[in-house]
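Dumped query_18.cif below, it's mmCIF, N, CA and C atoms:
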```cif
data_entry
#
loop_
_atom_site.label_atom_id
_atom_site.label_comp_id
_atom_site.auth_asym_id
_atom_site.auth_seq_id
_atom_site.Cartn_x
_atom_site.Cartn_y
_atom_site.Cartn_z
N MET G 52 -22.78 -39.15 3.74
CA MET G 52 -22.48 -38.72 5.08
C MET G 52 -20.97 -38.56 5.27
N LYS G 53 -20.20 -39.55 4.77
CA LYS G 53 -18.75 -39.50 4.90
C LYS G 53 -18.19 -38.28 4.16
N LEU G 54 -18.73 -37.98 2.99
CA LEU G 54 -18.30 -36.84 2.21
C LEU G 54 -18.58 -35.53 2.95
N ALA G 55 -19.71 -35.44 3.60
CA ALA G 55 -20.07 -34.24 4.36
C ALA G 55 -19.08 -34.04 5.51
N LYS G 56 -18.69 -35.13 6.17
CA LYS G 56 -17.75 -35.04 7.28
C LYS G 56 -16.38 -34.58 6.76
N GLN G 57 -15.93 -35.13 5.62
CA GLN G 57 -14.65 -34.73 5.04
C GLN G 57 -14.68 -33.27 4.63
N PHE G 58 -15.80 -32.83 4.07
CA PHE G 58 -15.94 -31.43 3.68
C PHE G 58 -15.85 -30.53 4.91
N GLY G 59 -16.50 -30.95 6.00
CA GLY G 59 -16.45 -30.18 7.25
C GLY G 59 -15.03 -30.06 7.78
N VAL G 60 -14.26 -31.13 7.72
CA VAL G 60 -12.86 -31.11 8.15
C VAL G 60 -12.06 -30.17 7.25
N PHE G 61 -12.32 -30.22 5.95
CA PHE G 61 -11.62 -29.35 5.00
C PHE G 61 -11.91 -27.88 5.30
N VAL G 62 -13.19 -27.55 5.51
CA VAL G 62 -13.58 -26.16 5.81
C VAL G 62 -12.93 -25.70 7.11
N ALA G 63 -12.92 -26.54 8.11
CA ALA G 63 -12.29 -26.18 9.39
C ALA G 63 -10.80 -25.91 9.19
N GLY G 64 -10.14 -26.73 8.39
CA GLY G 64 -8.72 -26.54 8.11
C GLY G 64 -8.45 -25.23 7.40
N VAL G 65 -9.29 -24.90 6.42
CA VAL G 65 -9.14 -23.64 5.69
C VAL G 65 -9.33 -22.47 6.64
N CYS G 66 -10.32 -22.56 7.52
CA CYS G 66 -10.57 -21.48 8.49
C CYS G 66 -9.39 -21.31 9.42
N LEU G 67 -8.81 -22.40 9.88
CA LEU G 67 -7.64 -22.31 10.75
C LEU G 67 -6.46 -21.68 10.02
N MET G 68 -6.25 -22.08 8.76
CA MET G 68 -5.17 -21.48 7.97
C MET G 68 -5.40 -20.00 7.78
N TYR G 69 -6.60 -19.61 7.43
CA TYR G 69 -6.91 -18.20 7.23
C TYR G 69 -6.69 -17.44 8.53
N GLY G 70 -7.11 -18.01 9.64
CA GLY G 70 -6.93 -17.37 10.94
C GLY G 70 -5.47 -17.16 11.27
N ALA G 71 -4.61 -18.10 10.87
CA ALA G 71 -3.18 -17.94 11.13
C ALA G 71 -2.63 -16.75 10.36
N PHE G 72 -3.10 -16.54 9.14
CA PHE G 72 -2.62 -15.42 8.35
C PHE G 72 -3.23 -14.10 8.82
N ALA G 73 -4.47 -14.13 9.23
CA ALA G 73 -5.16 -12.89 9.56
C ALA G 73 -4.96 -12.47 11.02
N GLN G 74 -4.40 -13.38 11.84
CA GLN G 74 -4.28 -13.04 13.25
C GLN G 74 -3.33 -11.87 13.44
N GLY G 75 -3.51 -11.21 14.54
CA GLY G 75 -2.78 -9.98 14.80
C GLY G 75 -1.28 -10.17 14.86
N GLY G 76 -0.60 -9.24 14.26
CA GLY G 76 0.84 -9.16 14.40
C GLY G 76 1.65 -9.82 13.32
N PRO G 77 2.82 -9.27 13.11
CA PRO G 77 3.71 -9.78 12.07
C PRO G 77 4.67 -10.88 12.52
N ALA G 78 4.49 -11.43 13.71
CA ALA G 78 5.37 -12.52 14.14
C ALA G 78 5.23 -13.69 13.17
N GLY G 79 6.36 -14.28 12.78
CA GLY G 79 6.37 -15.41 11.88
C GLY G 79 7.54 -15.33 10.91
N LEU G 80 7.50 -16.17 9.90
CA LEU G 80 8.57 -16.24 8.91
C LEU G 80 8.16 -15.49 7.66
N TRP G 81 9.05 -14.62 7.18
CA TRP G 81 8.76 -13.75 6.03
C TRP G 81 9.85 -13.89 4.97
N LYS G 82 9.42 -13.86 3.71
CA LYS G 82 10.35 -13.84 2.58
C LYS G 82 10.46 -12.40 2.11
N SER G 83 11.67 -11.84 2.20
CA SER G 83 11.86 -10.46 1.74
C SER G 83 12.06 -10.46 0.23
N ILE G 84 11.44 -9.48 -0.41
CA ILE G 84 11.54 -9.32 -1.86
C ILE G 84 12.30 -8.02 -2.13
N ASP G 85 13.37 -8.12 -2.90
CA ASP G 85 14.19 -6.94 -3.21
C ASP G 85 13.36 -5.92 -3.98
N ASP G 86 13.34 -4.69 -3.49
CA ASP G 86 12.53 -3.65 -4.13
C ASP G 86 13.11 -3.20 -5.46
N GLN G 87 14.36 -3.53 -5.74
CA GLN G 87 14.98 -3.12 -7.00
C GLN G 87 14.93 -4.22 -8.06
N THR G 88 15.10 -5.49 -7.65
CA THR G 88 15.12 -6.58 -8.62
C THR G 88 13.81 -7.38 -8.66
N GLY G 89 13.02 -7.29 -7.59
CA GLY G 89 11.79 -8.07 -7.51
C GLY G 89 12.02 -9.53 -7.15
N LYS G 90 13.26 -9.90 -6.83
CA LYS G 90 13.60 -11.28 -6.51
C LYS G 90 13.68 -11.49 -4.99
N PRO G 91 13.41 -12.73 -4.54
CA PRO G 91 13.54 -13.02 -3.11
C PRO G 91 14.99 -12.83 -2.64
N LYS G 92 15.14 -12.25 -1.45
CA LYS G 92 16.48 -12.01 -0.89
C LYS G 92 16.78 -12.92 0.29
N ALA G 93 15.81 -13.05 1.20
CA ALA G 93 16.09 -13.77 2.44
C ALA G 93 14.80 -14.21 3.10
N LEU G 94 14.95 -15.13 4.06
CA LEU G 94 13.87 -15.47 4.98
C LEU G 94 14.22 -14.85 6.32
N ILE G 95 13.27 -14.09 6.87
CA ILE G 95 13.48 -13.41 8.13
C ILE G 95 12.42 -13.87 9.11
N ARG G 96 12.84 -14.27 10.29
CA ARG G 96 11.93 -14.69 11.35
C ARG G 96 11.69 -13.50 12.28
N ILE G 97 10.43 -13.05 12.33
CA ILE G 97 10.07 -11.96 13.23
C ILE G 97 9.45 -12.56 14.48
N THR G 98 9.96 -12.13 15.63
CA THR G 98 9.42 -12.56 16.91
C THR G 98 8.99 -11.33 17.70
N GLU G 99 8.08 -11.56 18.63
CA GLU G 99 7.59 -10.48 19.49
C GLU G 99 7.91 -10.84 20.93
N ASN G 100 8.50 -9.89 21.66
CA ASN G 100 8.82 -10.10 23.05
C ASN G 100 8.49 -8.82 23.80
N ASN G 101 7.56 -8.91 24.74
CA ASN G 101 7.11 -7.74 25.53
C ASN G 101 6.67 -6.59 24.64
N GLY G 102 5.96 -6.90 23.55
CA GLY G 102 5.42 -5.87 22.67
C GLY G 102 6.41 -5.30 21.68
N GLU G 103 7.63 -5.82 21.64
CA GLU G 103 8.66 -5.31 20.74
C GLU G 103 9.04 -6.38 19.72
N LEU G 104 9.14 -5.97 18.45
CA LEU G 104 9.48 -6.90 17.37
C LEU G 104 10.97 -6.95 17.11
N THR G 105 11.44 -8.16 16.80
CA THR G 105 12.83 -8.41 16.41
C THR G 105 12.80 -9.31 15.19
N GLY G 106 13.67 -9.07 14.21
CA GLY G 106 13.75 -9.91 13.02
C GLY G 106 15.16 -10.40 12.79
N LYS G 107 15.27 -11.71 12.56
CA LYS G 107 16.58 -12.35 12.38
C LYS G 107 16.60 -13.10 11.05
N ILE G 108 17.69 -12.98 10.32
CA ILE G 108 17.84 -13.67 9.03
C ILE G 108 18.04 -15.17 9.27
N GLU G 109 17.19 -15.99 8.63
CA GLU G 109 17.33 -17.44 8.74
C GLU G 109 17.94 -18.07 7.50
N LYS G 110 17.72 -17.43 6.34
CA LYS G 110 18.23 -18.00 5.09
C LYS G 110 18.41 -16.88 4.08
N LEU G 111 19.44 -17.02 3.24
CA LEU G 111 19.67 -16.09 2.13
C LEU G 111 19.43 -16.83 0.82
N PHE G 112 18.89 -16.13 -0.16
CA PHE G 112 18.70 -16.71 -1.49
C PHE G 112 19.84 -16.19 -2.36
N LYS G 113 20.88 -17.01 -2.50
CA LYS G 113 22.08 -16.64 -3.24
C LYS G 113 22.25 -17.56 -4.44
N GLY G 114 22.92 -17.05 -5.46
CA GLY G 114 23.24 -17.87 -6.62
C GLY G 114 24.28 -18.91 -6.25
N PRO G 115 24.40 -19.98 -7.05
CA PRO G 115 25.33 -21.08 -6.72
C PRO G 115 26.79 -20.63 -6.64
N ALA G 116 27.16 -19.60 -7.37
CA ALA G 116 28.55 -19.15 -7.36
C ALA G 116 28.83 -18.14 -6.24
N GLU G 117 27.77 -17.73 -5.51
CA GLU G 117 27.94 -16.74 -4.45
C GLU G 117 28.18 -17.41 -3.10
N ASP G 118 28.81 -16.67 -2.20
CA ASP G 118 29.00 -17.13 -0.82
C ASP G 118 27.62 -17.32 -0.20
N GLN G 119 27.33 -18.52 0.28
CA GLN G 119 26.01 -18.83 0.81
C GLN G 119 25.77 -18.26 2.21
N ASN G 120 26.82 -17.93 2.93
CA ASN G 120 26.68 -17.30 4.24
C ASN G 120 27.77 -16.23 4.40
N PRO G 121 27.59 -15.11 3.69
CA PRO G 121 28.61 -14.06 3.76
C PRO G 121 28.66 -13.42 5.13
N LYS G 122 29.75 -12.74 5.37
CA LYS G 122 29.91 -11.98 6.60
C LYS G 122 29.56 -10.52 6.32
N CYS G 123 29.15 -9.82 7.35
CA CYS G 123 28.78 -8.42 7.22
C CYS G 123 30.06 -7.58 7.35
N LEU G 124 30.78 -7.45 6.25
CA LEU G 124 32.07 -6.77 6.24
C LEU G 124 31.93 -5.26 6.46
N LYS G 125 30.82 -4.68 6.05
CA LYS G 125 30.63 -3.24 6.17
C LYS G 125 29.91 -2.83 7.46
N CYS G 126 29.49 -3.81 8.25
CA CYS G 126 28.83 -3.50 9.51
C CYS G 126 29.84 -2.94 10.51
N GLU G 127 29.29 -2.27 11.52
CA GLU G 127 30.13 -1.73 12.59
C GLU G 127 29.73 -2.39 13.90
N GLY G 128 30.56 -2.23 14.90
CA GLY G 128 30.25 -2.74 16.24
C GLY G 128 30.22 -4.25 16.29
N ALA G 129 29.26 -4.78 17.06
CA ALA G 129 29.18 -6.23 17.31
C ALA G 129 28.90 -7.03 16.04
N ASN G 130 28.31 -6.43 15.01
CA ASN G 130 27.99 -7.15 13.77
C ASN G 130 29.16 -7.20 12.79
N LYS G 131 30.21 -6.45 13.04
CA LYS G 131 31.36 -6.39 12.13
C LYS G 131 31.92 -7.79 11.91
N ASP G 132 32.02 -8.18 10.64
CA ASP G 132 32.59 -9.46 10.22
C ASP G 132 31.83 -10.69 10.74
N GLN G 133 30.58 -10.52 11.14
CA GLN G 133 29.77 -11.64 11.61
C GLN G 133 28.96 -12.22 10.46
N PRO G 134 28.62 -13.53 10.53
CA PRO G 134 27.78 -14.13 9.48
C PRO G 134 26.43 -13.43 9.39
N VAL G 135 25.97 -13.24 8.17
CA VAL G 135 24.68 -12.59 7.96
C VAL G 135 23.54 -13.50 8.39
N ILE G 136 23.66 -14.80 8.13
CA ILE G 136 22.63 -15.73 8.59
C ILE G 136 22.72 -15.80 10.11
N GLY G 137 21.59 -15.55 10.74
CA GLY G 137 21.53 -15.51 12.20
C GLY G 137 21.61 -14.10 12.76
N MET G 138 21.87 -13.13 11.89
CA MET G 138 22.00 -11.74 12.32
C MET G 138 20.64 -11.10 12.55
N VAL G 139 20.52 -10.35 13.64
CA VAL G 139 19.31 -9.58 13.92
C VAL G 139 19.40 -8.30 13.08
N ILE G 140 18.42 -8.13 12.19
CA ILE G 140 18.43 -6.94 11.32
C ILE G 140 17.29 -5.98 11.63
N LEU G 141 16.32 -6.45 12.37
CA LEU G 141 15.13 -5.64 12.67
C LEU G 141 14.96 -5.64 14.18
N SER G 142 14.82 -4.44 14.79
CA SER G 142 14.66 -4.41 16.24
C SER G 142 13.94 -3.15 16.69
N GLY G 143 13.35 -3.24 17.87
CA GLY G 143 12.77 -2.09 18.53
C GLY G 143 11.44 -1.59 18.00
N LEU G 144 10.79 -2.32 17.12
CA LEU G 144 9.50 -1.88 16.58
C LEU G 144 8.37 -2.19 17.55
N THR G 145 7.50 -1.20 17.77
CA THR G 145 6.37 -1.37 18.66
C THR G 145 5.10 -0.91 17.94
N PRO G 146 3.93 -1.41 18.38
CA PRO G 146 2.67 -1.02 17.74
C PRO G 146 2.46 0.49 17.79
N ASP G 147 1.98 1.03 16.66
CA ASP G 147 1.68 2.46 16.54
C ASP G 147 0.48 2.59 15.60
N GLY G 148 -0.72 2.48 16.16
CA GLY G 148 -1.92 2.46 15.33
C GLY G 148 -1.96 1.19 14.51
N ASP G 149 -2.08 1.32 13.18
CA ASP G 149 -2.11 0.13 12.32
C ASP G 149 -0.73 -0.20 11.76
N GLU G 150 0.32 0.39 12.34
CA GLU G 150 1.70 0.13 11.93
C GLU G 150 2.53 -0.28 13.14
N TYR G 151 3.78 -0.60 12.87
CA TYR G 151 4.79 -0.82 13.89
C TYR G 151 5.91 0.15 13.56
N SER G 152 6.37 0.92 14.54
CA SER G 152 7.38 1.93 14.27
C SER G 152 8.31 2.07 15.47
N GLY G 153 9.25 3.02 15.36
CA GLY G 153 10.16 3.31 16.45
C GLY G 153 11.37 2.40 16.50
N GLY G 154 11.55 1.56 15.50
CA GLY G 154 12.67 0.63 15.51
C GLY G 154 13.67 0.92 14.42
N THR G 155 14.56 -0.02 14.22
CA THR G 155 15.60 0.11 13.21
C THR G 155 15.68 -1.16 12.36
N ILE G 156 16.26 -0.98 11.18
CA ILE G 156 16.54 -2.10 10.29
C ILE G 156 17.96 -1.95 9.78
N LEU G 157 18.68 -3.06 9.75
CA LEU G 157 20.06 -3.08 9.28
C LEU G 157 20.09 -3.66 7.87
N ASP G 158 20.82 -3.00 6.98
CA ASP G 158 21.04 -3.53 5.63
C ASP G 158 22.45 -4.13 5.61
N PRO G 159 22.56 -5.46 5.68
CA PRO G 159 23.88 -6.09 5.71
C PRO G 159 24.72 -5.83 4.45
N ALA G 160 24.06 -5.46 3.35
CA ALA G 160 24.80 -5.20 2.11
C ALA G 160 25.68 -3.97 2.22
N ASN G 161 25.22 -2.96 2.99
CA ASN G 161 26.04 -1.75 3.12
C ASN G 161 26.42 -1.47 4.57
N GLY G 162 25.95 -2.29 5.51
CA GLY G 162 26.30 -2.14 6.91
C GLY G 162 25.61 -0.99 7.62
N LYS G 163 24.65 -0.35 6.95
CA LYS G 163 24.00 0.81 7.54
C LYS G 163 22.71 0.43 8.24
N GLN G 164 22.42 1.19 9.29
CA GLN G 164 21.20 1.00 10.05
C GLN G 164 20.28 2.19 9.78
N TYR G 165 19.00 1.88 9.60
CA TYR G 165 18.00 2.89 9.26
C TYR G 165 16.85 2.84 10.25
N LYS G 166 16.14 3.95 10.41
CA LYS G 166 14.88 3.92 11.13
C LYS G 166 13.95 3.04 10.31
N SER G 167 12.97 2.44 10.99
CA SER G 167 12.10 1.51 10.27
C SER G 167 10.67 1.59 10.77
N ARG G 168 9.77 1.19 9.87
CA ARG G 168 8.37 0.99 10.22
C ARG G 168 7.82 -0.12 9.35
N LEU G 169 6.80 -0.80 9.87
CA LEU G 169 6.17 -1.92 9.17
C LEU G 169 4.67 -1.69 9.11
N LYS G 170 4.08 -2.18 8.04
CA LYS G 170 2.62 -2.14 7.94
C LYS G 170 2.16 -3.44 7.28
N MET G 171 1.23 -4.11 7.94
CA MET G 171 0.70 -5.35 7.39
C MET G 171 -0.39 -5.05 6.39
N GLU G 172 -0.46 -5.89 5.34
CA GLU G 172 -1.46 -5.74 4.29
C GLU G 172 -2.02 -7.11 3.92
N GLU G 173 -3.10 -7.08 3.18
CA GLU G 173 -3.74 -8.29 2.66
C GLU G 173 -3.99 -9.31 3.76
N ASP G 174 -4.66 -8.86 4.83
CA ASP G 174 -5.01 -9.72 5.97
C ASP G 174 -3.81 -10.45 6.55
N GLY G 175 -2.67 -9.79 6.59
CA GLY G 175 -1.48 -10.36 7.20
C GLY G 175 -0.61 -11.20 6.29
N ALA G 176 -0.92 -11.25 4.99
CA ALA G 176 -0.14 -12.05 4.06
C ALA G 176 1.09 -11.30 3.54
N ARG G 177 1.07 -9.97 3.62
CA ARG G 177 2.17 -9.14 3.15
C ARG G 177 2.53 -8.11 4.21
N LEU G 178 3.81 -7.75 4.19
CA LEU G 178 4.32 -6.76 5.12
C LEU G 178 5.10 -5.73 4.33
N GLN G 179 4.74 -4.46 4.50
CA GLN G 179 5.48 -3.38 3.87
C GLN G 179 6.52 -2.92 4.88
N VAL G 180 7.79 -3.08 4.54
CA VAL G 180 8.90 -2.76 5.44
C VAL G 180 9.62 -1.54 4.87
N ARG G 181 9.61 -0.47 5.63
CA ARG G 181 10.23 0.78 5.18
C ARG G 181 11.44 1.10 6.04
N GLY G 182 12.56 1.35 5.39
CA GLY G 182 13.76 1.83 6.05
C GLY G 182 14.02 3.24 5.56
N TYR G 183 14.39 4.13 6.47
CA TYR G 183 14.55 5.53 6.06
C TYR G 183 15.54 6.26 6.95
N VAL G 184 15.98 7.41 6.44
CA VAL G 184 16.87 8.30 7.16
C VAL G 184 16.07 9.57 7.48
N GLY G 185 16.04 9.96 8.73
CA GLY G 185 15.33 11.18 9.11
C GLY G 185 13.83 10.99 9.13
N VAL G 186 13.18 11.25 8.00
CA VAL G 186 11.73 11.11 7.89
C VAL G 186 11.41 10.02 6.87
N PRO G 187 10.25 9.36 7.02
CA PRO G 187 9.91 8.25 6.12
C PRO G 187 9.93 8.59 4.63
N LEU G 188 9.82 9.86 4.30
CA LEU G 188 9.84 10.28 2.90
C LEU G 188 11.16 9.90 2.23
N PHE G 189 12.25 9.91 3.01
CA PHE G 189 13.58 9.62 2.47
C PHE G 189 13.98 8.19 2.82
N GLY G 190 13.51 7.26 2.02
CA GLY G 190 13.82 5.86 2.28
C GLY G 190 13.34 4.97 1.16
N ARG G 191 13.26 3.69 1.46
CA ARG G 191 12.76 2.73 0.48
C ARG G 191 11.94 1.67 1.19
N THR G 192 11.05 1.06 0.43
CA THR G 192 10.13 0.07 0.98
C THR G 192 10.32 -1.25 0.27
N GLN G 193 10.35 -2.33 1.05
CA GLN G 193 10.35 -3.67 0.52
C GLN G 193 9.04 -4.34 0.92
N THR G 194 8.58 -5.24 0.07
CA THR G 194 7.44 -6.08 0.40
C THR G 194 7.96 -7.42 0.87
N TRP G 195 7.50 -7.84 2.02
CA TRP G 195 7.81 -9.17 2.53
C TRP G 195 6.54 -9.99 2.48
N ILE G 196 6.68 -11.25 2.08
CA ILE G 196 5.54 -12.16 1.93
C ILE G 196 5.62 -13.21 3.03
N ARG G 197 4.48 -13.42 3.71
CA ARG G 197 4.49 -14.41 4.79
C ARG G 197 4.83 -15.78 4.22
N ALA G 198 5.82 -16.40 4.81
CA ALA G 198 6.25 -17.73 4.37
C ALA G 198 5.72 -18.81 5.28
N GLN G 199 5.28 -18.45 6.47
CA GLN G 199 4.79 -19.44 7.43
C GLN G 199 3.90 -18.78 8.45
#
```

Represent the structure from my file as structure tokens, please.
Amino acid sequence: MKLAKQFGVFVAGVCLMYGAFAQGGPAGLWKSIDDQTGKPKALIRITENNGELTGKIEKLFKGPAEDQNPKCLKCEGANKDQPVIGMVILSGLTPDGDEYSGGTILDPANGKQYKSRLKMEEDGARLQVRGYVGVPLFGRTQTWIRAQ
């Protein structure tokens, strides 16, 4: 009887965890994976406010000899020379069918801002993040993995 009760608690926990991953929307903590190296780049916290998504860098994955909190030297405007950790890099995305679009993404490495769209995959465990100039054909896509 005790084993059956423990099994029931375990199943309920698994269902709750699955529900957290599968629930609607990309709000949460994501690990960005560099599309060129395949290595983790950063942890980004996506929040939703009034139907609009915003993403802020919480952590960078840097080598021990690298600056652990570099400044955005190539950025313009309010982001110029500001720390990358804590910087809003994703903004203005709204639901558009099974995607989120209409927003922008900032690449702190080159200081450029691109149009952006997101698409969730694998029941919310992965996020395809596309930054592009003009039309989505001219851009690049990163895979972000849900971290929390």

Enumerate, as number ranges by chain, the residues matched when the PyMOL selection byres ((chain G and resi 82) around 6) is run on the file above.
G: 80-81, 83-84, 92-95, 194-198

Find the residues around G:Asn120 up to 8 Å (only N, CA and C atoms counted), leave out those fewer than 2 positions away in its own chain, and share them as a list in words.
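Surrounding residues, per the criterion: Leu111, Lys113, Glu117, Asp118, Lys122, Cys123, Gln133, Pro134, Val135 and Ile136 of chain G.
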
Expansion of the PyMOL selection byres (((chain G and resi 181 and name CA) around 9) and name CA) into residues, as a ChimeraX atom specification
/G:156,166-170,179-180,182-183,187,190-194

Considering only C-alpha atoms, can you say which of G:Asn100, G:Asn161, G:Asn130, G:Gln119 comes closest to G:Ser142?
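Nearest candidate to G:Ser142 out of G:Asn100, G:Asn161, G:Asn130, G:Gln119: G:Asn100.
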
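Note that the spacing between atom CA of G:Arg96 and atom CA of G:Phe112 amounts to 14.7 Å.
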
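On the file presented, the PyMOL selection byres (((chain G and resi 147 and name CA) around 12) and name CA) picks out Gly76, Gly102, Glu103, Leu144, Thr145, Pro146, Gly148, Asp149, Glu150, Tyr151, Ser152, Gly153, Gly154, Arg168, Leu169 and Lys170 of chain G.
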
Out of G:Gly79, G:Gly143, G:Gly185, G:Gly162, which residue has the shortest atom-to-atom distance to G:Cys126 when counting all atoms listed in the file?
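Ranked by minimum distance to G:Cys126, first place goes to G:Gly162.
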
Taking the DSSP secondary structure from the backbone, can you list the residues of chain G that are strand (DSSP E or B), as an MDAnalysis selection string?
chainID G and resid 79:84 91:100 103:111 122 134 139:147 150:158 163:172 177:183 190:197

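The space between atom CA of G:Leu104 and atom CA of G:Gly128 spans 21.2 Å.
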
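Across the model, the gap from atom N of G:Arg177 to atom CA of G:Gln87 is 18.8 Å.
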